[in-house]
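Asker: Sharing final-v2.cif (mmCIF, C-alpha atoms and all ligand atoms) below.
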```
data_start
#
loop_
_atom_site.label_atom_id
_atom_site.label_comp_id
_atom_site.auth_asym_id
_atom_site.auth_seq_id
_atom_site.Cartn_x
_atom_site.Cartn_y
_atom_site.Cartn_z
CA MET W 1 -4.99 15.44 5.60
CA ARG W 2 -3.99 13.70 2.36
CA ILE W 3 -0.90 11.51 2.53
CA ILE W 4 0.77 9.17 0.06
CA LEU W 5 2.75 6.16 1.28
CA LEU W 6 5.41 5.08 -1.18
CA GLY W 7 7.74 2.10 -0.98
CA MET W 8 8.69 -1.31 -2.27
CA PRO W 9 6.18 -4.15 -2.10
CA GLY W 10 6.24 -5.52 1.44
CA VAL W 11 7.97 -2.52 3.00
CA GLY W 12 5.05 -2.12 5.43
CA LYS W 13 2.79 0.43 3.71
CA GLY W 14 -0.41 -1.42 4.61
CA THR W 15 0.70 -2.02 8.20
CA GLN W 16 1.53 1.66 8.77
CA ALA W 17 -1.45 2.97 6.74
CA LYS W 18 -3.86 1.14 9.05
CA LYS W 19 -2.25 2.70 12.13
CA ILE W 20 -2.24 6.22 10.67
CA CYS W 21 -5.87 5.91 9.55
CA GLU W 22 -6.93 4.74 12.98
CA ALA W 23 -5.07 7.63 14.64
CA LEU W 24 -6.43 10.30 12.28
CA ASN W 25 -9.83 8.71 11.66
CA ILE W 26 -9.51 8.90 7.89
CA PRO W 27 -9.83 6.10 5.30
CA GLN W 28 -7.03 3.98 3.86
CA ILE W 29 -7.28 3.82 0.09
CA ALA W 30 -5.37 0.81 -1.20
CA PRO W 31 -6.01 -0.18 -4.83
CA GLY W 32 -4.42 -3.57 -4.10
CA ASP W 33 -7.16 -4.31 -1.51
CA ILE W 34 -9.89 -3.01 -3.83
CA LEU W 35 -8.56 -5.19 -6.66
CA ARG W 36 -8.31 -8.32 -4.48
CA LYS W 37 -11.98 -7.86 -3.48
CA ALA W 38 -12.89 -7.45 -7.16
CA VAL W 39 -10.98 -10.64 -8.03
CA LYS W 40 -12.78 -12.52 -5.24
CA SER W 41 -16.21 -11.32 -6.40
CA ARG W 42 -15.27 -12.01 -10.04
CA THR W 43 -16.33 -8.55 -11.26
CA GLU W 44 -15.26 -7.33 -14.70
CA ILE W 45 -12.38 -5.31 -13.19
CA GLY W 46 -11.37 -8.29 -11.06
CA LEU W 47 -11.25 -10.62 -14.03
CA GLU W 48 -9.11 -8.13 -15.97
CA ALA W 49 -6.75 -7.46 -13.06
CA LYS W 50 -6.20 -11.05 -11.87
CA ALA W 51 -3.58 -12.11 -14.43
CA TYR W 52 -1.54 -8.93 -13.93
CA MET W 53 -1.58 -9.27 -10.14
CA ASN W 54 -0.73 -12.96 -10.03
CA SER W 55 2.24 -12.43 -12.32
CA GLY W 56 3.51 -9.45 -10.30
CA LYS W 57 2.82 -6.86 -13.00
CA LEU W 58 1.11 -3.53 -12.50
CA VAL W 59 -2.54 -3.35 -13.55
CA PRO W 60 -3.01 -0.87 -16.46
CA ASP W 61 -3.19 2.80 -15.42
CA LYS W 62 -6.64 3.24 -17.00
CA VAL W 63 -8.19 0.60 -14.71
CA ILE W 64 -6.53 1.99 -11.58
CA LEU W 65 -7.42 5.59 -12.37
CA GLY W 66 -11.10 4.65 -12.79
CA ILE W 67 -11.06 2.98 -9.36
CA ILE W 68 -9.32 5.90 -7.65
CA GLU W 69 -11.44 8.60 -9.23
CA ASP W 70 -14.62 6.90 -7.95
CA ARG W 71 -13.18 6.20 -4.51
CA LEU W 72 -11.99 9.77 -3.89
CA LYS W 73 -15.51 11.07 -4.53
CA ALA W 74 -16.91 9.13 -1.56
CA PRO W 75 -18.03 11.29 1.41
CA ASP W 76 -15.59 9.62 3.81
CA CYS W 77 -12.70 11.18 1.84
CA GLU W 78 -13.75 14.73 2.64
CA ARG W 79 -11.53 14.94 5.76
CA GLY W 80 -8.59 13.33 3.97
CA TYR W 81 -7.15 9.87 3.32
CA ILE W 82 -4.02 7.76 3.12
CA LEU W 83 -3.11 6.53 -0.34
CA ASP W 84 -1.40 3.16 0.08
CA GLY W 85 -0.09 1.77 -3.21
CA PHE W 86 -1.20 4.69 -5.38
CA PRO W 87 0.21 6.36 -7.40
CA ARG W 88 2.64 3.79 -8.75
CA THR W 89 3.57 5.31 -12.10
CA VAL W 90 4.29 8.83 -13.29
CA VAL W 91 1.08 8.67 -15.38
CA GLN W 92 -0.90 7.93 -12.20
CA ALA W 93 0.87 10.71 -10.27
CA ASN W 94 0.08 13.26 -12.98
CA ALA W 95 -3.55 12.12 -13.12
CA LEU W 96 -3.85 12.40 -9.33
CA GLY W 97 -2.40 15.91 -9.48
CA LEU W 98 -5.08 16.90 -12.02
CA MET W 99 -7.93 15.30 -10.02
CA LEU W 100 -6.88 17.17 -6.90
CA LYS W 101 -6.39 20.45 -8.71
CA LYS W 102 -9.95 20.23 -10.09
CA ALA W 103 -11.24 19.66 -6.57
CA GLY W 104 -9.12 22.52 -5.14
CA GLN W 105 -7.17 20.05 -2.99
CA GLU W 106 -3.57 19.05 -2.51
CA ILE W 107 -1.34 16.31 -1.12
CA LYS W 108 0.53 17.63 1.90
CA LEU W 109 2.97 14.81 2.49
CA VAL W 110 4.50 11.87 0.63
CA ILE W 111 6.29 9.38 2.86
CA SER W 112 8.76 6.99 1.27
CA LEU W 113 9.31 3.94 3.49
CA GLU W 114 12.78 2.54 2.94
CA VAL W 115 14.32 -0.88 3.58
CA SER W 116 16.59 -3.19 1.58
CA PRO W 117 15.17 -5.54 -1.09
CA ALA W 118 16.42 -8.51 0.99
CA GLU W 119 14.30 -7.35 3.94
CA VAL W 120 11.12 -6.99 1.87
CA VAL W 121 11.58 -10.51 0.50
CA LYS W 122 11.65 -11.77 4.13
CA ARG W 123 8.57 -9.71 5.01
CA LEU W 124 6.58 -10.83 1.97
CA SER W 125 7.45 -14.50 2.03
CA GLY W 126 6.33 -14.79 5.67
CA ARG W 127 3.17 -12.70 5.34
CA ARG W 128 -0.16 -14.34 6.14
CA VAL W 129 -3.57 -12.69 5.79
CA CYS W 130 -6.93 -13.52 7.38
CA SER W 131 -9.33 -14.85 4.77
CA SER W 132 -12.24 -13.19 6.55
CA CYS W 133 -11.22 -9.82 8.08
CA GLY W 134 -8.00 -9.18 6.12
CA ARG W 135 -5.86 -8.75 9.27
CA MET W 136 -2.19 -9.16 8.49
CA TYR W 137 0.38 -11.37 10.21
CA HIS W 138 3.93 -12.52 9.68
CA ILE W 139 5.03 -16.04 10.62
CA LYS W 140 8.14 -14.67 12.36
CA PHE W 141 7.75 -10.92 12.94
CA LYS W 142 4.03 -10.82 13.87
CA PRO W 143 2.73 -14.36 14.41
CA SER W 144 -0.88 -15.17 15.30
CA GLN W 145 -1.40 -16.78 18.72
CA GLN W 146 -2.56 -20.03 17.12
CA GLU W 147 -0.70 -20.97 13.95
CA GLY W 148 -2.77 -20.37 10.80
CA ILE W 149 -5.74 -18.86 12.68
CA CYS W 150 -6.71 -15.18 12.95
CA ASP W 151 -6.55 -13.80 16.53
CA LYS W 152 -9.45 -11.47 15.85
CA CYS W 153 -12.05 -13.60 14.08
CA GLY W 154 -10.81 -17.19 14.34
CA GLU W 155 -10.81 -17.73 10.58
CA ALA W 156 -8.02 -19.34 8.53
CA LEU W 157 -4.96 -17.38 7.41
CA TYR W 158 -3.72 -17.67 3.83
CA GLN W 159 -0.68 -16.69 1.78
CA ARG W 160 -1.32 -14.20 -1.04
CA GLU W 161 -0.78 -15.67 -4.50
CA ASP W 162 1.62 -12.87 -5.39
CA ASP W 163 3.78 -13.60 -2.32
CA GLN W 164 5.49 -16.53 -4.08
CA GLU W 165 9.23 -15.96 -4.58
CA LYS W 166 9.11 -15.70 -8.37
CA THR W 167 6.27 -13.16 -8.28
CA ILE W 168 7.97 -11.13 -5.55
CA LYS W 169 10.99 -10.78 -7.87
CA LYS W 170 8.76 -9.45 -10.65
CA ARG W 171 6.99 -7.03 -8.30
CA LEU W 172 10.35 -5.62 -7.16
CA GLU W 173 11.40 -5.21 -10.78
CA GLN W 174 8.17 -3.33 -11.55
CA TYR W 175 8.77 -1.14 -8.50
CA ARG W 176 12.29 -0.24 -9.64
CA GLU W 177 11.21 0.54 -13.19
CA GLN W 178 7.86 2.24 -12.70
CA THR W 179 7.40 3.41 -9.09
CA ALA W 180 10.86 4.40 -7.85
CA PRO W 181 10.92 7.46 -10.20
CA LEU W 182 8.11 8.91 -8.06
CA ILE W 183 10.63 9.56 -5.30
CA SER W 184 12.34 12.26 -7.37
CA TYR W 185 8.95 13.37 -8.73
CA TYR W 186 7.64 14.23 -5.25
CA LYS W 187 11.05 15.45 -4.04
CA GLY W 188 10.83 17.97 -6.86
CA LEU W 189 7.46 19.12 -5.52
CA GLY W 190 9.03 19.59 -2.07
CA ILE W 191 6.64 17.24 -0.23
CA LEU W 192 8.72 14.06 0.08
CA GLU W 193 10.00 12.67 3.39
CA LYS W 194 12.04 9.47 3.64
CA VAL W 195 11.58 7.16 6.61
CA ASP W 196 13.94 4.35 7.56
CA ALA W 197 11.44 1.46 7.79
CA ARG W 198 13.77 -1.09 9.40
CA GLY W 199 13.01 -2.24 12.93
CA GLU W 200 9.88 -2.39 15.06
CA ILE W 201 6.47 -1.45 13.62
CA GLU W 202 5.78 0.91 16.58
CA GLU W 203 9.12 2.71 16.18
CA ILE W 204 8.44 3.31 12.48
CA PHE W 205 4.96 4.57 13.33
CA LYS W 206 6.48 7.08 15.80
CA LYS W 207 8.76 8.45 13.06
CA ILE W 208 5.77 8.78 10.71
CA THR W 209 3.68 10.52 13.38
CA SER W 210 6.44 13.06 13.93
CA LEU W 211 6.25 13.97 10.23
CA ILE W 212 2.45 14.13 10.13
CA ASN W 213 1.93 16.32 13.22
CA PRO W 214 3.62 19.47 11.85
CA VAL W 215 1.74 19.36 8.51
CA SER W 216 -1.63 18.58 10.09
CA SER W 217 -1.57 21.49 12.56
P1 LIG C 1 -0.56 -4.12 -3.22
O1 LIG C 1 -1.57 -4.88 -2.49
O2 LIG C 1 -0.54 -2.65 -3.12
O3 LIG C 1 0.84 -4.74 -2.87
P2 LIG C 1 2.29 -4.06 -2.66
O4 LIG C 1 2.51 -2.65 -2.95
O5 LIG C 1 3.13 -5.00 -3.40
O6 LIG C 1 2.39 -4.00 -1.17
P3 LIG C 1 2.09 -5.10 -0.18
O7 LIG C 1 0.64 -5.08 0.24
O8 LIG C 1 2.59 -6.41 -0.69
O9 LIG C 1 3.05 -4.71 1.02
P4 LIG C 1 3.01 -3.51 2.05
O10 LIG C 1 4.06 -2.51 1.75
O11 LIG C 1 1.60 -3.00 2.23
O12 LIG C 1 3.49 -4.30 3.33
P5 LIG C 1 2.64 -4.92 4.53
O13 LIG C 1 2.25 -3.84 5.47
O14 LIG C 1 1.58 -5.83 4.01
O15 LIG C 1 -0.64 -4.46 -4.79
C1 LIG C 1 -0.81 -5.78 -5.25
C2 LIG C 1 -0.92 -5.76 -6.76
O16 LIG C 1 -2.08 -5.00 -7.17
C3 LIG C 1 0.25 -5.11 -7.52
O17 LIG C 1 1.32 -6.01 -7.72
C4 LIG C 1 -0.43 -4.71 -8.83
O18 LIG C 1 -0.63 -5.82 -9.67
C5 LIG C 1 -1.82 -4.24 -8.34
N1 LIG C 1 -1.83 -2.81 -8.02
C6 LIG C 1 -2.06 -2.25 -6.80
N2 LIG C 1 -1.99 -0.90 -6.87
C7 LIG C 1 -1.71 -0.61 -8.16
C8 LIG C 1 -1.48 0.61 -8.86
N3 LIG C 1 -1.55 1.80 -8.24
N4 LIG C 1 -1.18 0.54 -10.18
C9 LIG C 1 -1.13 -0.64 -10.83
N5 LIG C 1 -1.32 -1.83 -10.22
C10 LIG C 1 -1.61 -1.82 -8.90
O19 LIG C 1 3.77 -5.80 5.25
C11 LIG C 1 4.30 -6.95 4.65
C12 LIG C 1 4.62 -8.01 5.73
O20 LIG C 1 5.67 -7.49 6.55
C13 LIG C 1 3.46 -8.32 6.67
O21 LIG C 1 3.49 -9.68 7.00
C14 LIG C 1 3.74 -7.46 7.92
O22 LIG C 1 3.22 -8.06 9.08
C15 LIG C 1 5.27 -7.45 7.92
N6 LIG C 1 5.82 -6.19 8.46
C16 LIG C 1 5.36 -4.92 8.30
N7 LIG C 1 6.16 -4.04 8.93
C17 LIG C 1 7.16 -4.78 9.50
C18 LIG C 1 8.30 -4.45 10.28
N8 LIG C 1 8.59 -3.18 10.62
N9 LIG C 1 9.12 -5.45 10.66
C19 LIG C 1 8.86 -6.75 10.34
N10 LIG C 1 7.78 -7.12 9.61
C20 LIG C 1 6.95 -6.15 9.18
#
```
Would you mind writing the file out in structure tokens?
Ligand code: AP5
Answerer:
Amino acid sequence: MRIILLGMPGVGKGTQAKKICEALNIPQIAPGDILRKAVKSRTEIGLEAKAYMNSGKLVPDKVILGIIEDRLKAPDCERGYILDGFPRTVVQANALGLMLKKAGQEIKLVISLEVSPAEVVKRLSGRRVCSSCGRMYHIKFKPSQQEGICDKCGEALYQREDDQEKTIKKRLEQYREQTAPLISYYKGLGILEKVDARGEIEEIFKKITSLINPVSS
């Protein structure tokens, strides 16, 4: 089962990807998470990516494609995966198509999560992340039991650097210019499904599950 989750920054791709991966027992592949780890460990890729990420710009395709190509070769990808935040440009989508073709594989489903830009600004500006386990919270929509502390591991929560208002604006602009064209790209391939991503996390997950079940059987 290979699925792509598309959508504006903050629409809930990571939240839903985690639930799908748990249900299907397949890995979540999120270049944003891989890059943040690289930034934290100050690797060469991390040092190159940091300035792009903190200013809300996309990291160059060449860097991302290197990361994805390596990741998809890992044994845990054999049964499938959820791509969360990749592809994000037409160049990346074409490259993914070629990688899969070489491996005799295909993407069965692309889900575009849809909400208004005003809603994603609310979701992003209230997001908090655990500094240790990466668990995600929202100060209003999904608060931790004790303010600023992770329910799971008791470590401190932090706000991502790119969740500042000015950077959010830039990320939305990059989405409109570079990622939104992928909606027609995958519609043209006949594998796109749109999901209204307003409302409760569980309700959205139910809608996604109803799309996955027919293609996975
Ligand atoms: P990345 O980490 O991928 O960020 P993003 O796409 O901007 O997405 P987010 O993680 O911000 O949001 P999300 O949709 O996963 O929402 P979430 O579930 O967290 O990328 C970061 C950067 O890395 C990019 O800007 C770029 O520089 C670089 N990068 C990454 N991939 C790249 C690529 N392919 N090419 C080039 N550069 C790349 O939810 C958000 C908040 O909302 C949370 O607090 C959550 O609790 C809450 N929430 C979720 N669902 C709901 C709901 N239904 N109702 C209320 N609140 C909700």
Asker: So which one's closest to Asp163 (chain W), W:Lys13, W:Lys40, W:Lys122, W:Lys187? Using only C-alpha atoms, please.
Answerer: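 Using only C-alpha atoms, the shortest distance to Asp163 (chain W) belongs to W:Lys122.
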Asker: Got a sec: who's within 10 Å of Cys153 (chain W), counting only C-alpha atoms, leaving out chain neighbours fewer than 5 positions off, as an MDAnalysis selection string?
Answerer: chainID W and resid 130:135
Asker: Which residue, W:Ala38, W:Leu124, W:Val215, W:Leu109, has the smallest gap to Gln164 (chain W) when you use only C-alpha atoms?
Answerer: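 Among the listed residues, the smallest separation from Gln164 (chain W) belongs to W:Leu124.
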Asker: Please provide the set of residues having any atom within 12 Å of region 196-211 of chain W, restricted to all atoms listed in the file, with same-chain residues fewer than 2 positions apart removed, written as a PyMOL selection string.
Answerer: chain W and resi 3-8+10-24+108-120+123+141-142+191-194+213-217
Asker: Can you list, as a ChimeraX atom specification, every protein, DNA or RNA residue that comes within 9 Å of Glu48 (chain W) when you count all atoms listed in the file, leaving out same-chain residues fewer than 3 positions away?
Answerer: /W:39,43-45,51-52,59,63
Asker: Could you name the residues that touch region 76-89 of chain W at 6 Å or less, counting only C-alpha atoms, but leaving out those on the same chain fewer than 3 positions away, as a PDB file with C-alpha atoms, keeping the file's coordinate frame?
Answerer:
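This went into selection24.pdb:
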```pdb
ATOM      1  CA  MET W   1      -4.990  15.440   5.600  1.00  0.00           C
ATOM      2  CA  ARG W   2      -3.990  13.700   2.360  1.00  0.00           C
ATOM      3  CA  ILE W   3      -0.900  11.510   2.530  1.00  0.00           C
ATOM      4  CA  ILE W   4       0.770   9.170   0.060  1.00  0.00           C
ATOM      5  CA  LEU W   5       2.750   6.160   1.280  1.00  0.00           C
ATOM      6  CA  ILE W  26      -9.510   8.900   7.890  1.00  0.00           C
ATOM      7  CA  PRO W  27      -9.830   6.100   5.300  1.00  0.00           C
ATOM      8  CA  GLN W  28      -7.030   3.980   3.860  1.00  0.00           C
ATOM      9  CA  ILE W  29      -7.280   3.820   0.090  1.00  0.00           C
ATOM     10  CA  ALA W  30      -5.370   0.810  -1.200  1.00  0.00           C
ATOM     11  CA  LEU W  72     -11.990   9.770  -3.890  1.00  0.00           C
ATOM     12  CA  GLN W  92      -0.900   7.930 -12.200  1.00  0.00           C
ATOM     13  CA  ALA W  93       0.870  10.710 -10.270  1.00  0.00           C
ATOM     14  CA  GLN W 178       7.860   2.240 -12.700  1.00  0.00           C
ATOM     15  CA  THR W 179       7.400   3.410  -9.090  1.00  0.00           C
TER      16      THR W 179
END
```
Asker: Between W:Ser41, W:Ser55, W:Asn94, W:Asn25, single out the one closest to Gln174 (chain W), counting all atoms listed in the file.
Answerer: W:Ser55
Asker: For ligand LIG 1 (chain C), what centre and edge lengths in Å (one decimal) does the axis-aligned box get once 5 Å is added on each side of all its listed atoms, as AutoDock Vina command-line options?
Answerer:
```
--center_x 3.5 --center_y -3.9 --center_z -0.1 --size_x 21.2 --size_y 21.5 --size_z 31.5
```
Asker: Given all atoms listed in the file as the basis, pick out the residue of W:Val121, W:Met99, W:Ile107, W:Met136 nearest to ligand LIG 1 (chain C).
Answerer: W:Met136
Asker: In Å, with one decimal, what is the gap from atom C9 of ligand LIG 1 (chain C) to CA of Thr167 (chain W)?
Answerer: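 These two atoms are separated by 14.8 Å.
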Asker: Please measure the separation of atom O13 of ligand LIG 1 (chain C) and CA of Leu35 (chain W), giving the value in Å to one decimal.
Answerer: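 Answer for the atom O13 of ligand LIG 1 (chain C) to CA of Leu35 (chain W) separation: 16.3 Å.
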Asker: Tell me, in Å to one decimal, how far atom C11 of ligand LIG 1 (chain C) is from CA of Pro9 (chain W).
Answerer: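 Separating atom C11 of ligand LIG 1 (chain C) from CA of Pro9 (chain W) is a distance of 7.5 Å.
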Asker: Can you tell me which residues surround Leu96 (chain W) at a distance of at most 9 Å, considering only C-alpha atoms, apart from same-chain residues fewer than 5 positions away, and format the answer as a ChimeraX atom specification?
Answerer: /W:65,68-69,87,91,101
Asker: Keeping only C-alpha atoms, take the residues you just selected and write them out as a PDB file, in the coordinates of the input.
Answerer:
```pdb
ATOM      1  CA  LEU W  65      -7.420   5.590 -12.370  1.00  0.00           C
ATOM      2  CA  ILE W  68      -9.320   5.900  -7.650  1.00  0.00           C
ATOM      3  CA  GLU W  69     -11.440   8.600  -9.230  1.00  0.00           C
ATOM      4  CA  PRO W  87       0.210   6.360  -7.400  1.00  0.00           C
ATOM      5  CA  VAL W  91       1.080   8.670 -15.380  1.00  0.00           C
ATOM      6  CA  LYS W 101      -6.390  20.450  -8.710  1.00  0.00           C
TER       7      LYS W 101
END
```
Asker: For ligand LIG 1 (chain C), which residue among W:Ser184, W:Ser125, W:Gln145, W:Gln105 is the nearest when counting all atoms listed in the file?
Answerer: W:Ser125
Asker: Given the choices W:Ile183, W:Ile212, W:Ile149, W:Ile139, which gets closest to ligand LIG 1 (chain C) if the distance is worked out from only C-alpha atoms and all ligand atoms?
Answerer: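 Closest candidate: W:Ile139.
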